[in-house]
Structures are given as C-alpha cells and as structure tokens.
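Q: upload_4.cif is reproduced below (mmCIF, C-alpha atoms).
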```
data_run
#
loop_
_atom_site.group_PDB
_atom_site.id
_atom_site.type_symbol
_atom_site.label_atom_id
_atom_site.label_comp_id
_atom_site.auth_asym_id
_atom_site.auth_seq_id
_atom_site.Cartn_x
_atom_site.Cartn_y
_atom_site.Cartn_z
ATOM 1 C CA MET Z 1 28.421 14.347 35.397
ATOM 2 C CA LEU Z 2 29.418 14.724 31.727
ATOM 3 C CA PRO Z 3 30.838 11.478 30.277
ATOM 4 C CA ARG Z 4 34.583 11.397 29.596
ATOM 5 C CA ASN Z 5 35.678 12.763 26.236
ATOM 6 C CA PRO Z 6 32.183 13.483 24.857
ATOM 7 C CA ALA Z 7 33.699 15.211 21.839
ATOM 8 C CA GLY Z 8 35.536 12.050 20.871
ATOM 9 C CA ARG Z 9 32.438 9.909 21.252
ATOM 10 C CA LEU Z 10 30.428 12.449 19.278
ATOM 11 C CA ALA Z 11 33.005 12.486 16.473
ATOM 12 C CA ARG Z 12 33.043 8.677 16.329
ATOM 13 C CA ALA Z 13 29.287 8.437 16.103
ATOM 14 C CA LEU Z 14 29.077 11.190 13.511
ATOM 15 C CA SER Z 15 31.684 9.363 11.447
ATOM 16 C CA VAL Z 16 29.317 6.401 11.354
ATOM 17 C CA LEU Z 17 26.598 8.619 9.938
ATOM 18 C CA ALA Z 18 29.046 10.035 7.407
ATOM 19 C CA LEU Z 19 30.014 6.553 6.233
ATOM 20 C CA THR Z 20 26.374 5.611 5.935
ATOM 21 C CA ALA Z 21 25.657 8.724 3.916
ATOM 22 C CA ALA Z 22 28.637 8.125 1.646
ATOM 23 C CA ALA Z 23 27.419 4.612 0.906
ATOM 24 C CA THR Z 24 24.069 5.898 -0.331
ATOM 25 C CA LEU Z 25 24.788 9.357 -1.730
ATOM 26 C CA VAL Z 26 26.373 8.578 -5.097
ATOM 27 C CA PRO Z 27 23.800 7.283 -7.590
ATOM 28 C CA THR Z 28 24.768 3.953 -9.091
ATOM 29 C CA ALA Z 29 24.736 3.228 -12.776
ATOM 30 C CA ALA Z 30 21.750 0.952 -12.261
ATOM 31 C CA GLN Z 31 19.819 3.730 -10.571
ATOM 32 C CA ALA Z 32 20.641 6.224 -13.287
ATOM 33 C CA ALA Z 33 19.508 3.796 -15.972
ATOM 34 C CA ALA Z 34 16.339 2.968 -14.078
ATOM 35 C CA SER Z 35 15.507 6.645 -13.545
ATOM 36 C CA ALA Z 36 15.897 7.254 -17.255
ATOM 37 C CA SER Z 37 13.417 4.513 -18.085
ATOM 38 C CA GLY Z 38 10.900 5.571 -15.448
ATOM 39 C CA PRO Z 39 9.276 3.725 -12.527
ATOM 40 C CA ALA Z 40 7.819 0.258 -12.820
ATOM 41 C CA SER Z 41 4.321 1.660 -13.025
ATOM 42 C CA ALA Z 42 3.760 5.270 -13.987
ATOM 43 C CA SER Z 43 0.314 5.292 -12.425
ATOM 44 C CA ALA Z 44 1.440 4.044 -9.036
ATOM 45 C CA PRO Z 45 2.255 6.577 -6.252
ATOM 46 C CA PHE Z 46 5.603 5.011 -5.440
ATOM 47 C CA SER Z 47 9.055 6.025 -6.576
ATOM 48 C CA SER Z 48 10.776 2.645 -6.587
ATOM 49 C CA ALA Z 49 13.382 3.027 -9.302
ATOM 50 C CA ALA Z 50 14.886 -0.445 -9.437
ATOM 51 C CA SER Z 51 15.307 -1.473 -13.030
ATOM 52 C CA THR Z 52 13.114 -4.302 -14.232
ATOM 53 C CA GLY Z 53 16.076 -5.147 -16.444
ATOM 54 C CA ARG Z 54 17.816 -6.416 -13.317
ATOM 55 C CA GLY Z 55 14.786 -8.556 -12.559
ATOM 56 C CA TRP Z 56 13.216 -6.851 -9.600
ATOM 57 C CA ASN Z 57 10.259 -4.464 -9.347
ATOM 58 C CA ASP Z 58 8.824 -6.279 -12.345
ATOM 59 C CA PHE Z 59 5.095 -6.072 -11.704
ATOM 60 C CA SER Z 60 4.427 -8.654 -14.395
ATOM 61 C CA CYS Z 61 6.332 -11.270 -12.370
ATOM 62 C CA GLU Z 62 4.252 -14.344 -11.561
ATOM 63 C CA PRO Z 63 5.214 -16.216 -8.362
ATOM 64 C CA SER Z 64 6.154 -19.839 -8.961
ATOM 65 C CA ALA Z 65 4.887 -22.914 -7.157
ATOM 66 C CA ALA Z 66 8.293 -23.183 -5.474
ATOM 67 C CA HIS Z 67 8.207 -19.548 -4.328
ATOM 68 C CA PRO Z 68 4.538 -18.565 -4.195
ATOM 69 C CA ARG Z 69 5.000 -15.360 -2.188
ATOM 70 C CA PRO Z 70 6.521 -12.127 -3.513
ATOM 71 C CA VAL Z 71 9.368 -10.644 -1.475
ATOM 72 C CA VAL Z 72 9.199 -6.957 -0.548
ATOM 73 C CA LEU Z 73 12.536 -5.367 0.371
ATOM 74 C CA VAL Z 74 12.442 -2.502 2.889
ATOM 75 C CA HIS Z 75 15.540 -0.280 2.928
ATOM 76 C CA GLY Z 76 17.137 1.289 5.985
ATOM 77 C CA THR Z 77 17.617 4.841 7.231
ATOM 78 C CA LEU Z 78 19.419 7.011 4.643
ATOM 79 C CA GLY Z 79 18.955 4.198 2.133
ATOM 80 C CA ASN Z 80 16.734 3.880 -0.911
ATOM 81 C CA SER Z 81 14.978 1.220 -2.950
ATOM 82 C CA VAL Z 82 17.915 0.645 -5.293
ATOM 83 C CA ASP Z 83 21.261 1.145 -3.569
ATOM 84 C CA ASN Z 84 20.316 -0.817 -0.472
ATOM 85 C CA TRP Z 85 19.540 -3.919 -2.533
ATOM 86 C CA LEU Z 86 22.068 -4.102 -5.370
ATOM 87 C CA GLY Z 87 23.405 -7.316 -3.868
ATOM 88 C CA LEU Z 88 20.445 -9.068 -2.282
ATOM 89 C CA ALA Z 89 17.730 -8.323 -4.852
ATOM 90 C CA PRO Z 90 19.535 -10.034 -7.784
ATOM 91 C CA TYR Z 91 20.543 -12.863 -5.434
ATOM 92 C CA LEU Z 92 16.874 -13.581 -4.703
ATOM 93 C CA VAL Z 93 15.738 -13.071 -8.301
ATOM 94 C CA GLU Z 94 18.303 -15.642 -9.446
ATOM 95 C CA ARG Z 95 16.705 -18.092 -7.030
ATOM 96 C CA GLY Z 96 13.266 -17.671 -8.552
ATOM 97 C CA TYR Z 97 11.603 -15.057 -6.349
ATOM 98 C CA CYS Z 98 9.442 -12.159 -7.468
ATOM 99 C CA VAL Z 99 11.218 -9.273 -5.732
ATOM 100 C CA PHE Z 100 10.043 -5.722 -5.129
ATOM 101 C CA SER Z 101 11.400 -2.707 -3.263
ATOM 102 C CA LEU Z 102 9.922 0.611 -2.230
ATOM 103 C CA ASP Z 103 11.082 4.033 -1.114
ATOM 104 C CA TYR Z 104 9.640 5.455 2.092
ATOM 105 C CA GLY Z 105 10.243 8.211 4.614
ATOM 106 C CA GLN Z 106 11.269 10.826 2.040
ATOM 107 C CA LEU Z 107 11.670 14.438 3.117
ATOM 108 C CA PRO Z 108 10.926 17.315 0.712
ATOM 109 C CA GLY Z 109 14.002 18.332 -1.227
ATOM 110 C CA VAL Z 110 16.139 15.437 0.086
ATOM 111 C CA PRO Z 111 16.995 12.991 -2.717
ATOM 112 C CA LEU Z 112 18.460 9.523 -2.144
ATOM 113 C CA PHE Z 113 18.488 9.819 1.663
ATOM 114 C CA HIS Z 114 15.203 8.217 2.652
ATOM 115 C CA GLY Z 115 13.771 6.693 5.826
ATOM 116 C CA LEU Z 116 13.890 10.028 7.662
ATOM 117 C CA GLY Z 117 10.167 10.710 8.022
ATOM 118 C CA PRO Z 118 7.953 9.584 10.929
ATOM 119 C CA ILE Z 119 8.112 5.808 11.132
ATOM 120 C CA ASP Z 120 4.388 5.318 11.650
ATOM 121 C CA ALA Z 121 3.768 7.182 8.380
ATOM 122 C CA SER Z 122 6.434 5.056 6.675
ATOM 123 C CA ALA Z 123 4.600 1.940 7.862
ATOM 124 C CA GLY Z 124 1.472 3.269 6.181
ATOM 125 C CA ARG Z 125 3.398 3.595 2.932
ATOM 126 C CA LEU Z 126 4.620 0.019 3.295
ATOM 127 C CA SER Z 127 1.031 -1.118 3.815
ATOM 128 C CA ALA Z 128 -0.104 0.484 0.557
ATOM 129 C CA TYR Z 129 2.901 -0.932 -1.316
ATOM 130 C CA VAL Z 130 2.289 -4.476 -0.095
ATOM 131 C CA ASP Z 131 -1.323 -4.158 -1.234
ATOM 132 C CA ARG Z 132 -0.087 -3.108 -4.663
ATOM 133 C CA VAL Z 133 2.330 -6.045 -4.889
ATOM 134 C CA LEU Z 134 -0.308 -8.555 -3.794
ATOM 135 C CA ALA Z 135 -2.789 -7.192 -6.321
ATOM 136 C CA ALA Z 136 -0.229 -7.399 -9.123
ATOM 137 C CA THR Z 137 1.003 -10.905 -8.324
ATOM 138 C CA GLY Z 138 -2.265 -12.452 -7.166
ATOM 139 C CA ALA Z 139 -0.554 -13.781 -4.054
ATOM 140 C CA ALA Z 140 -2.415 -14.034 -0.761
ATOM 141 C CA LYS Z 141 0.590 -13.028 1.347
ATOM 142 C CA ALA Z 142 4.037 -11.497 0.939
ATOM 143 C CA ASP Z 143 7.350 -11.976 2.714
ATOM 144 C CA LEU Z 144 9.223 -8.898 3.939
ATOM 145 C CA VAL Z 145 13.005 -8.497 4.127
ATOM 146 C CA GLY Z 146 14.263 -5.331 5.762
ATOM 147 C CA HIS Z 147 17.555 -3.727 6.725
ATOM 148 C CA SER Z 148 18.089 -1.598 9.832
ATOM 149 C CA GLN Z 149 14.986 0.610 10.250
ATOM 150 C CA GLY Z 150 13.498 -1.442 7.422
ATOM 151 C CA GLY Z 151 13.656 -4.522 9.635
ATOM 152 C CA MET Z 152 11.952 -2.791 12.537
ATOM 153 C CA MET Z 153 9.420 -0.479 10.861
ATOM 154 C CA PRO Z 154 7.367 -3.352 9.343
ATOM 155 C CA ARG Z 155 6.525 -4.471 12.876
ATOM 156 C CA HIS Z 156 4.367 -1.339 13.193
ATOM 157 C CA TYR Z 157 2.607 -2.363 9.991
ATOM 158 C CA LEU Z 158 2.103 -5.899 11.300
ATOM 159 C CA ARG Z 159 0.848 -4.814 14.718
ATOM 160 C CA PHE Z 160 -1.212 -1.709 14.044
ATOM 161 C CA LEU Z 161 -2.113 -1.591 10.333
ATOM 162 C CA GLY Z 162 -3.439 -5.078 9.650
ATOM 163 C CA GLY Z 163 -0.261 -6.356 8.063
ATOM 164 C CA ALA Z 164 -0.293 -9.677 9.906
ATOM 165 C CA ALA Z 165 -3.088 -10.885 7.630
ATOM 166 C CA LYS Z 166 -0.986 -10.144 4.531
ATOM 167 C CA VAL Z 167 2.520 -11.175 5.588
ATOM 168 C CA ASN Z 168 3.927 -14.656 6.067
ATOM 169 C CA ALA Z 169 7.424 -13.791 7.302
ATOM 170 C CA LEU Z 170 9.565 -10.829 8.305
ATOM 171 C CA VAL Z 171 13.333 -11.249 7.854
ATOM 172 C CA ALA Z 172 15.359 -8.439 9.403
ATOM 173 C CA LEU Z 173 19.035 -7.673 8.781
ATOM 174 C CA ALA Z 174 20.633 -5.640 11.601
ATOM 175 C CA PRO Z 175 17.323 -4.190 12.834
ATOM 176 C CA ASP Z 176 17.010 -1.811 15.795
ATOM 177 C CA ASN Z 177 13.932 -3.451 17.262
ATOM 178 C CA HIS Z 178 14.571 -1.989 20.696
ATOM 179 C CA GLY Z 179 16.360 1.143 19.611
ATOM 180 C CA THR Z 180 19.953 2.248 19.389
ATOM 181 C CA THR Z 181 22.337 4.403 21.412
ATOM 182 C CA LEU Z 182 24.418 4.996 18.237
ATOM 183 C CA LEU Z 183 27.715 4.310 20.011
ATOM 184 C CA GLY Z 184 26.499 6.338 22.983
ATOM 185 C CA LEU Z 185 25.657 9.476 21.020
ATOM 186 C CA THR Z 186 22.031 9.445 22.096
ATOM 187 C CA ARG Z 187 23.094 9.459 25.739
ATOM 188 C CA LEU Z 188 24.800 12.805 25.126
ATOM 189 C CA LEU Z 189 21.637 14.540 23.911
ATOM 190 C CA PRO Z 190 20.576 15.727 27.412
ATOM 191 C CA TYR Z 191 23.835 17.678 27.606
ATOM 192 C CA PHE Z 192 22.881 19.706 24.516
ATOM 193 C CA PRO Z 193 19.565 21.445 25.337
ATOM 194 C CA GLY Z 194 17.213 21.601 22.403
ATOM 195 C CA ALA Z 195 19.227 19.185 20.268
ATOM 196 C CA GLU Z 196 16.715 16.342 20.465
ATOM 197 C CA ASP Z 197 13.804 18.662 19.693
ATOM 198 C CA LEU Z 198 15.679 19.993 16.675
ATOM 199 C CA ILE Z 199 16.442 16.501 15.371
ATOM 200 C CA THR Z 200 12.862 15.399 15.968
ATOM 201 C CA ALA Z 201 11.475 18.347 14.026
ATOM 202 C CA ALA Z 202 13.871 17.909 11.109
ATOM 203 C CA THR Z 203 14.204 14.112 10.900
ATOM 204 C CA PRO Z 204 11.630 12.362 13.072
ATOM 205 C CA GLY Z 205 12.627 8.978 11.666
ATOM 206 C CA LEU Z 206 15.923 9.285 13.533
ATOM 207 C CA THR Z 207 14.566 10.120 16.977
ATOM 208 C CA ASP Z 208 11.904 7.420 16.628
ATOM 209 C CA GLN Z 209 14.818 4.943 16.651
ATOM 210 C CA ILE Z 210 16.465 6.148 19.851
ATOM 211 C CA ALA Z 211 16.254 3.527 22.578
ATOM 212 C CA ALA Z 212 13.160 4.081 24.773
ATOM 213 C CA SER Z 213 11.600 6.572 22.331
ATOM 214 C CA PRO Z 214 7.804 6.942 22.549
ATOM 215 C CA PHE Z 215 7.484 5.193 19.171
ATOM 216 C CA LEU Z 216 9.494 2.148 20.261
ATOM 217 C CA THR Z 217 7.850 2.034 23.670
ATOM 218 C CA ARG Z 218 4.432 1.737 22.036
ATOM 219 C CA LEU Z 219 5.688 -0.724 19.416
ATOM 220 C CA ASN Z 220 7.115 -3.117 21.996
ATOM 221 C CA GLU Z 221 4.372 -2.909 24.599
ATOM 222 C CA GLY Z 222 2.674 -6.254 25.053
ATOM 223 C CA GLY Z 223 5.351 -8.290 23.301
ATOM 224 C CA ASP Z 224 7.586 -8.178 20.272
ATOM 225 C CA THR Z 225 5.552 -10.265 17.837
ATOM 226 C CA VAL Z 226 2.058 -10.832 16.504
ATOM 227 C CA PRO Z 227 0.507 -14.240 15.841
ATOM 228 C CA GLY Z 228 0.698 -15.779 12.396
ATOM 229 C CA VAL Z 229 3.992 -14.226 11.257
ATOM 230 C CA ARG Z 230 7.429 -15.895 11.280
ATOM 231 C CA TYR Z 231 10.274 -13.639 12.360
ATOM 232 C CA THR Z 232 13.975 -14.004 11.623
ATOM 233 C CA VAL Z 233 16.546 -11.516 12.929
ATOM 234 C CA ILE Z 234 20.078 -11.617 11.476
ATOM 235 C CA MET Z 235 22.580 -9.562 13.492
ATOM 236 C CA THR Z 236 26.308 -8.840 13.385
ATOM 237 C CA ARG Z 237 28.592 -8.404 16.367
ATOM 238 C CA TYR Z 238 30.377 -5.656 14.435
ATOM 239 C CA ASP Z 239 27.308 -3.433 14.103
ATOM 240 C CA GLU Z 240 28.398 0.156 14.715
ATOM 241 C CA VAL Z 241 24.995 1.754 14.084
ATOM 242 C CA VAL Z 242 22.601 -0.464 16.045
ATOM 243 C CA THR Z 243 24.287 -0.451 19.437
ATOM 244 C CA PRO Z 244 24.208 -2.671 21.274
ATOM 245 C CA TYR Z 245 23.719 -5.073 18.376
ATOM 246 C CA GLY Z 246 21.556 -7.293 20.587
ATOM 247 C CA SER Z 247 18.880 -4.600 20.434
ATOM 248 C CA GLY Z 248 17.693 -6.410 17.339
ATOM 249 C CA ARG Z 249 16.702 -9.576 19.168
ATOM 250 C CA LEU Z 250 13.032 -10.457 19.324
ATOM 251 C CA SER Z 251 11.226 -12.621 21.850
ATOM 252 C CA GLY Z 252 8.140 -14.672 21.169
ATOM 253 C CA PRO Z 253 6.824 -17.676 19.261
ATOM 254 C CA ASP Z 254 8.023 -18.243 15.699
ATOM 255 C CA VAL Z 255 11.178 -16.174 16.253
ATOM 256 C CA THR Z 256 14.689 -17.105 15.115
ATOM 257 C CA ASN Z 257 17.553 -14.864 16.230
ATOM 258 C CA VAL Z 258 20.851 -15.342 14.387
ATOM 259 C CA VAL Z 259 24.244 -13.727 14.971
ATOM 260 C CA ILE Z 260 25.968 -14.133 11.615
ATOM 261 C CA GLN Z 261 29.352 -14.787 13.272
ATOM 262 C CA ASP Z 262 27.816 -17.913 14.824
ATOM 263 C CA ARG Z 263 27.378 -19.174 11.263
ATOM 264 C CA CYS Z 264 30.850 -18.042 10.145
ATOM 265 C CA ALA Z 265 33.334 -16.674 12.658
ATOM 266 C CA LEU Z 266 35.316 -15.123 9.794
ATOM 267 C CA ASP Z 267 32.404 -12.917 8.729
ATOM 268 C CA LEU Z 268 33.444 -9.310 9.485
ATOM 269 C CA SER Z 269 30.336 -7.620 8.107
ATOM 270 C CA GLU Z 270 29.189 -4.526 9.948
ATOM 271 C CA HIS Z 271 25.891 -2.661 9.712
ATOM 272 C CA LEU Z 272 26.018 -1.790 6.026
ATOM 273 C CA ALA Z 273 27.847 -4.786 4.586
ATOM 274 C CA ILE Z 274 25.472 -7.347 6.096
ATOM 275 C CA ALA Z 275 22.764 -6.139 3.707
ATOM 276 C CA LEU Z 276 24.882 -4.855 0.821
ATOM 277 C CA THR Z 277 27.445 -7.561 0.076
ATOM 278 C CA ASP Z 278 27.388 -10.388 2.634
ATOM 279 C CA ARG Z 279 26.415 -13.549 0.760
ATOM 280 C CA ILE Z 280 26.635 -15.527 3.999
ATOM 281 C CA ALA Z 281 23.846 -13.338 5.355
ATOM 282 C CA PHE Z 282 22.049 -13.617 2.004
ATOM 283 C CA HIS Z 283 22.102 -17.404 2.361
ATOM 284 C CA GLU Z 284 20.533 -17.048 5.808
ATOM 285 C CA VAL Z 285 17.846 -14.812 4.306
ATOM 286 C CA ALA Z 286 17.087 -17.454 1.662
ATOM 287 C CA ASN Z 287 16.809 -20.093 4.408
ATOM 288 C CA ALA Z 288 14.357 -17.897 6.321
ATOM 289 C CA LEU Z 289 12.218 -17.364 3.225
ATOM 290 C CA ASP Z 290 12.119 -21.068 2.374
ATOM 291 C CA PRO Z 291 12.766 -23.066 5.552
ATOM 292 C CA ALA Z 292 11.578 -26.303 3.943
ATOM 293 C CA ARG Z 293 14.558 -26.162 1.582
ATOM 294 C CA ALA Z 294 17.049 -24.623 3.986
ATOM 295 C CA THR Z 295 20.662 -25.753 3.926
ATOM 296 C CA PRO Z 296 23.285 -25.021 6.591
ATOM 297 C CA THR Z 297 24.797 -21.544 6.476
ATOM 298 C CA THR Z 298 28.597 -21.672 6.761
ATOM 299 C CA CYS Z 299 31.584 -19.648 5.600
ATOM 300 C CA ALA Z 300 31.313 -21.571 2.316
ATOM 301 C CA SER Z 301 27.946 -19.905 1.718
ATOM 302 C CA ALA Z 302 29.936 -16.893 0.549
ATOM 303 C CA LEU Z 303 30.580 -18.861 -2.646
ATOM 304 C CA ASP Z 304 26.975 -19.929 -3.141
#
```
Turn this file's structure into structure tokens for me.

A:
Amino acid sequence: MLPRNPAGRLARALSVLALTAAATLVPTAAQAAASASGPASASAPFSSAASTGRGWNDFSCEPSAAHPRPVVLVHGTLGNSVDNWLGLAPYLVERGYCVFSLDYGQLPGVPLFHGLGPIDASAGRLSAYVDRVLAATGAAKADLVGHSQGGMMPRHYLRFLGGAAKVNALVALAPDNHGTTLLGLTRLLPYFPGAEDLITAATPGLTDQIAASPFLTRLNEGGDTVPGVRYTVIMTRYDEVVTPYGSGRLSGPDVTNVVIQDRCALDLSEHLAIALTDRIAFHEVANALDPARATPTTCASALD
C-alpha cells in the first residue's frame, strides 16, 4: 500500500537536497582566489583548490612534534574541498596541524557538486591523495576527518585498499555508515519504476548511500571496523539527511560514538552546520585527533 501523502514526503526530502545544493553552489571568495592562483601542486592529479594563504593544502607544511600526523579532510556529497571546510580547516590550522583536503567523485561537466561518482572509485582517489600527503610531509600515517559520505567512504579505503596501514584515526561528522532513508524518500523508490536505475546511472554515489545498498552491504559485512585504526563518530539528533541519525554509529574496538547534543543540549546543528560552523563539534574533532590533550566538550566550547 502506498504510504500516506507520498508527495509531501517527497517534497520535504527534495527540499533537503535543495538546501544542500544551495550551501555548496555559490563559489566563495576564498575559492575564487584560490582558483586564480592555481592548485597547490600543478603536477599533481588533484583539483583541491583550498588556498595555501588560508593555511591548508600547503604541501610544504612540516608536521610538528605535538601534531606529527597530517589531517586529510574528506568532503561530503555535493560538497567540495573548499566550501565544506571553510570553518574546520582554519580551526585545525590555528591549532598547529598540517591540513589538506581533496575533491573526489566528480562527474563530467558538473562543477562544485562533487561526491556523486561511485564510492569505491572515490575511495581509490582518497588512497592516492593520502599517499601524496604522506610523501610530502614525511609522516608515516595520516588522520582523516570526513563529513557525511566523507565520513563513511574512507572505511572502504581502510578495509579494501590498504588504508589501515597508513591511517591512525578516522573522525566522522554526521556519516551515513549504514545508509540513509533520506527522510523516507528512498522507501518511495519502488513506487516509481525505473527511478532507482536512473539515479544509479546518473549519480551512483547517491544510490551507494541508500540503506542496504550493495555497496554498504559489502562494506559492513564482517564488522564495522578494521584493526589498528581509531574511530570517532560525531552525530546530531537534528540530522535531516542521514536518517535515522543513528545510522552513523559504529560498533567495534577503538570506537567512540558521540551525539553532539549530549555534549551541549543547546547545540541545534543539523547535517550541514555540524561540519560548516559548529565549533562545539570542532572541539570534539580536536579531542579525537589528540586524545592525550583532550579537554571536556561543553557549550562553552563554542567560544574556544
């Protein structure tokens, strides 16, 4: 039987996608300036455009004794290497980290909106980028911080592409580790014959994230984690894209699952804001990257 008011549910879910697109469509001044000056390395096959003037994607950065591992930021679906990290990247640079970000999952002729290609191929791109960062910095391992798909996709790299030997920690903001129903939209697909095939053909990175997709089924078979990597998942109860928000939780050794409202009940961040502007979540990221120097995350962390 068709669910009640499917048109209303469809409109609500599509509005989420529209808001996500709006947040990433308009190029920022930083991106425009960075594009004008060119990528960090003209010889490298990556289009990360983050300006070295802002302190990240500086391939001459030398990790310090306090922060010996470079941090690689992995954007989410419809995001890119600049806009997704205009808040968190400078936050980490100011705290002494060498910070890098990449673009992945680009489709031909689609600027700015990345993370739409097959996720296993995106994981391969992440693998090559981490190798480049490690070679440039001389570090033995990197730490990964990802948002949304960018918090889940690295798990394919860790499990299937040898990433566990090169990564110390994965910190994920609002990841869809076990898929999303996108406010129930995905449950409506069977009522529209051919719709899922069309989406898969055009934007495979989207259908890979549907709960119980073949990609996620393979990724999660045999357990959520791999030995030797620390995992931190930071979720928000107000997530309107990863639904239910608890889909992000991981099980296994060396896993910390955090709901940001348990740190500050006043934190109203939803799926985008938790990675874009939420300094309470940023403080939790910093704790996960440097647990030996961690301090309690509270509402006051917004002022840190």

Q: Taking the file as shown, find all residues satisfying the PyMOL selection byres ((chain Z and resi 118) around 8) and write them as a list of chain:residue names.

A: Z:Gly105, Z:Leu116, Z:Gly117, Z:Ile119, Z:Asp120, Z:Ala121, Z:Ser122, Z:Thr203, Z:Pro204, Z:Gly205, Z:Asp208

Q: Could you name the residues that touch Z:Leu126 at 9 Å or less, counting all atoms listed in the file, but leaving out those on the same chain fewer than 4 positions away, as an mmCIF file with C-alpha atoms, keeping the file's coordinate frame?

A:
```cif
data_model
loop_
_atom_site.group_PDB
_atom_site.id
_atom_site.type_symbol
_atom_site.label_atom_id
_atom_site.label_comp_id
_atom_site.auth_asym_id
_atom_site.auth_seq_id
_atom_site.Cartn_x
_atom_site.Cartn_y
_atom_site.Cartn_z
ATOM 1 C CA VAL Z 74 12.442 -2.502 2.889
ATOM 2 C CA LEU Z 102 9.922 0.611 -2.230
ATOM 3 C CA ASP Z 103 11.082 4.033 -1.114
ATOM 4 C CA TYR Z 104 9.640 5.455 2.092
ATOM 5 C CA ALA Z 121 3.768 7.182 8.380
ATOM 6 C CA SER Z 122 6.434 5.056 6.675
ATOM 7 C CA VAL Z 130 2.289 -4.476 -0.095
ATOM 8 C CA ASP Z 131 -1.323 -4.158 -1.234
ATOM 9 C CA MET Z 153 9.420 -0.479 10.861
ATOM 10 C CA PRO Z 154 7.367 -3.352 9.343
ATOM 11 C CA TYR Z 157 2.607 -2.363 9.991
#
```

Q: Need the shell around Z:Val167: protein/DNA/RNA residues with any atom at most 9 Å away, counting all atoms listed in the file. Skip same-chain ones fewer than 6 positions apart. Format as a list in words?

A: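 Here the answer would be Val130, Ala140, Lys141, Ala142, Asp143, Leu144, Leu158, Gly228, Val229 and Arg230 of chain Z.
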
Q: Name the residues that the PyMOL selection byres ((chain Z and resi 242) around 9) pulls out of this structure, and write them as a compact mmCIF listing (two decimals) with C-alpha atoms, in the frame of the given file.

A:
```
# COMPACT_ATOMS: atom_id res chain seq x y z
CA SER Z 148 18.09 -1.60 9.83
CA ALA Z 174 20.63 -5.64 11.60
CA PRO Z 175 17.32 -4.19 12.83
CA ASP Z 176 17.01 -1.81 15.80
CA GLY Z 179 16.36 1.14 19.61
CA THR Z 180 19.95 2.25 19.39
CA THR Z 181 22.34 4.40 21.41
CA LEU Z 182 24.42 5.00 18.24
CA LEU Z 183 27.72 4.31 20.01
CA ASP Z 239 27.31 -3.43 14.10
CA GLU Z 240 28.40 0.16 14.72
CA VAL Z 241 25.00 1.75 14.08
CA THR Z 243 24.29 -0.45 19.44
CA PRO Z 244 24.21 -2.67 21.27
CA TYR Z 245 23.72 -5.07 18.38
CA GLY Z 246 21.56 -7.29 20.59
CA SER Z 247 18.88 -4.60 20.43
CA GLY Z 248 17.69 -6.41 17.34
CA HIS Z 271 25.89 -2.66 9.71
```

Q: Counting all atoms listed in the file, give me one row per residue of stretch 87-185 of chain Z with an atom at most 7 Å from an atom of stretch 272-283 of chain Z, showing the shortest contact pair and its distance in Å to one decimal, sorted by chain then residue number, as a Markdown table.

A:
```
| residue | atom | partner | partner_atom | distance |
| --- | --- | --- | --- | --- |
| Z:Gly87 | CA | Z:Leu276 | CA | 5.5 |
| Z:Leu88 | CA | Z:Phe282 | CA | 6.5 |
| Z:His147 | CA | Z:Ala275 | CA | 6.5 |
| Z:Leu173 | CA | Z:Ala275 | CA | 6.5 |
```

Q: Kindly export the residues of the current selection with C-alpha atoms, as a CSV table (one decimal), in the coordinates of the input.

A:
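Saved as out-v6.csv:
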```
chain,number,residue,atom,x,y,z
Z,87,GLY,CA,23.4,-7.3,-3.9
Z,88,LEU,CA,20.4,-9.1,-2.3
Z,147,HIS,CA,17.6,-3.7,6.7
Z,173,LEU,CA,19.0,-7.7,8.8
```

Q: Using all atoms listed in the file, which of Z:Leu78, Z:Leu112, Z:Ala286, Z:Ala135 sits nearest Z:Glu62?

A: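 Using all atoms listed in the file, the shortest distance to Z:Glu62 belongs to Z:Ala135.
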
Q: Given the PyMOL selection byres ((chain Z and resi 290) around 12) and the file above, list the residues it selects as a compact mmCIF listing (two decimals) with C-alpha atoms, in the frame of the given file.

A:
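The new file expr35.txt reads:
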```txt
# COMPACT_ATOMS: atom_id res chain seq x y z
CA ALA Z 66 8.29 -23.18 -5.47
CA HIS Z 67 8.21 -19.55 -4.33
CA PRO Z 68 4.54 -18.57 -4.20
CA ARG Z 69 5.00 -15.36 -2.19
CA VAL Z 71 9.37 -10.64 -1.48
CA LEU Z 92 16.87 -13.58 -4.70
CA ARG Z 95 16.70 -18.09 -7.03
CA GLY Z 96 13.27 -17.67 -8.55
CA TYR Z 97 11.60 -15.06 -6.35
CA ASP Z 143 7.35 -11.98 2.71
CA ASN Z 168 3.93 -14.66 6.07
CA ALA Z 169 7.42 -13.79 7.30
CA VAL Z 171 13.33 -11.25 7.85
CA ARG Z 230 7.43 -15.90 11.28
CA THR Z 232 13.98 -14.00 11.62
CA HIS Z 283 22.10 -17.40 2.36
CA GLU Z 284 20.53 -17.05 5.81
CA VAL Z 285 17.85 -14.81 4.31
CA ALA Z 286 17.09 -17.45 1.66
CA ASN Z 287 16.81 -20.09 4.41
CA ALA Z 288 14.36 -17.90 6.32
CA LEU Z 289 12.22 -17.36 3.22
CA PRO Z 291 12.77 -23.07 5.55
CA ALA Z 292 11.58 -26.30 3.94
CA ARG Z 293 14.56 -26.16 1.58
CA ALA Z 294 17.05 -24.62 3.99
CA THR Z 295 20.66 -25.75 3.93
```

Q: May I ask which of the residues Z:Val226, Z:Leu206, Z:Ala302, Z:Ala265 is the closest one to Z:Ser251, counting only C-alpha atoms?

A: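 The shortest atom-to-atom distance to Z:Ser251 comes from Z:Val226.
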
Q: Tell me which of Z:Ala211, Z:Ala89, Z:Asp83, Z:Pro227 sits closest to Z:Gly162, counting all atoms listed in the file.

A: Z:Pro227

Q: In terms of the shortest atom-to-atom distance over all atoms listed in the file, which of Z:Thr217, Z:Asn177, Z:Thr297, Z:Thr256 is closest to Z:Gly150?

A: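 That would be Z:Asn177, the residue with the smallest distance to Z:Gly150.
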
Q: For Z:Phe160, work out the shell of residues within 9 Å, counting all atoms listed in the file and skipping chain neighbours fewer than 4 positions away, then give it as a list in words.

A: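 Once the nearby chain positions are removed, what remains is Arg155, His156 and Leu219 of chain Z.
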
Q: Restricting the calculation to all atoms listed in the file, which member of Z:Leu250, Z:Val82, Z:Leu303, Z:Cys264 is positioned closest to Z:Tyr231?

A: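 Distance minimum relative to Z:Tyr231 lands on Z:Leu250.
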
Q: Under the rule of at most 10 Å, produce a per-residue listing of stretch 242-297 of chain Z near stretch 222-225 of chain Z: chain, number, name, the closest pair of atoms, and the distance in Å, as CSV, using only C-alpha atoms.

A:
```
residue,atom,partner,partner_atom,distance
Z:Arg249,CA,Z:Asp224,CA,9.3
Z:Leu250,CA,Z:Asp224,CA,6.0
Z:Ser251,CA,Z:Asp224,CA,6.0
Z:Gly252,CA,Z:Thr225,CA,6.1
Z:Pro253,CA,Z:Thr225,CA,7.7
Z:Asp254,CA,Z:Thr225,CA,8.6
Z:Val255,CA,Z:Thr225,CA,8.3
```
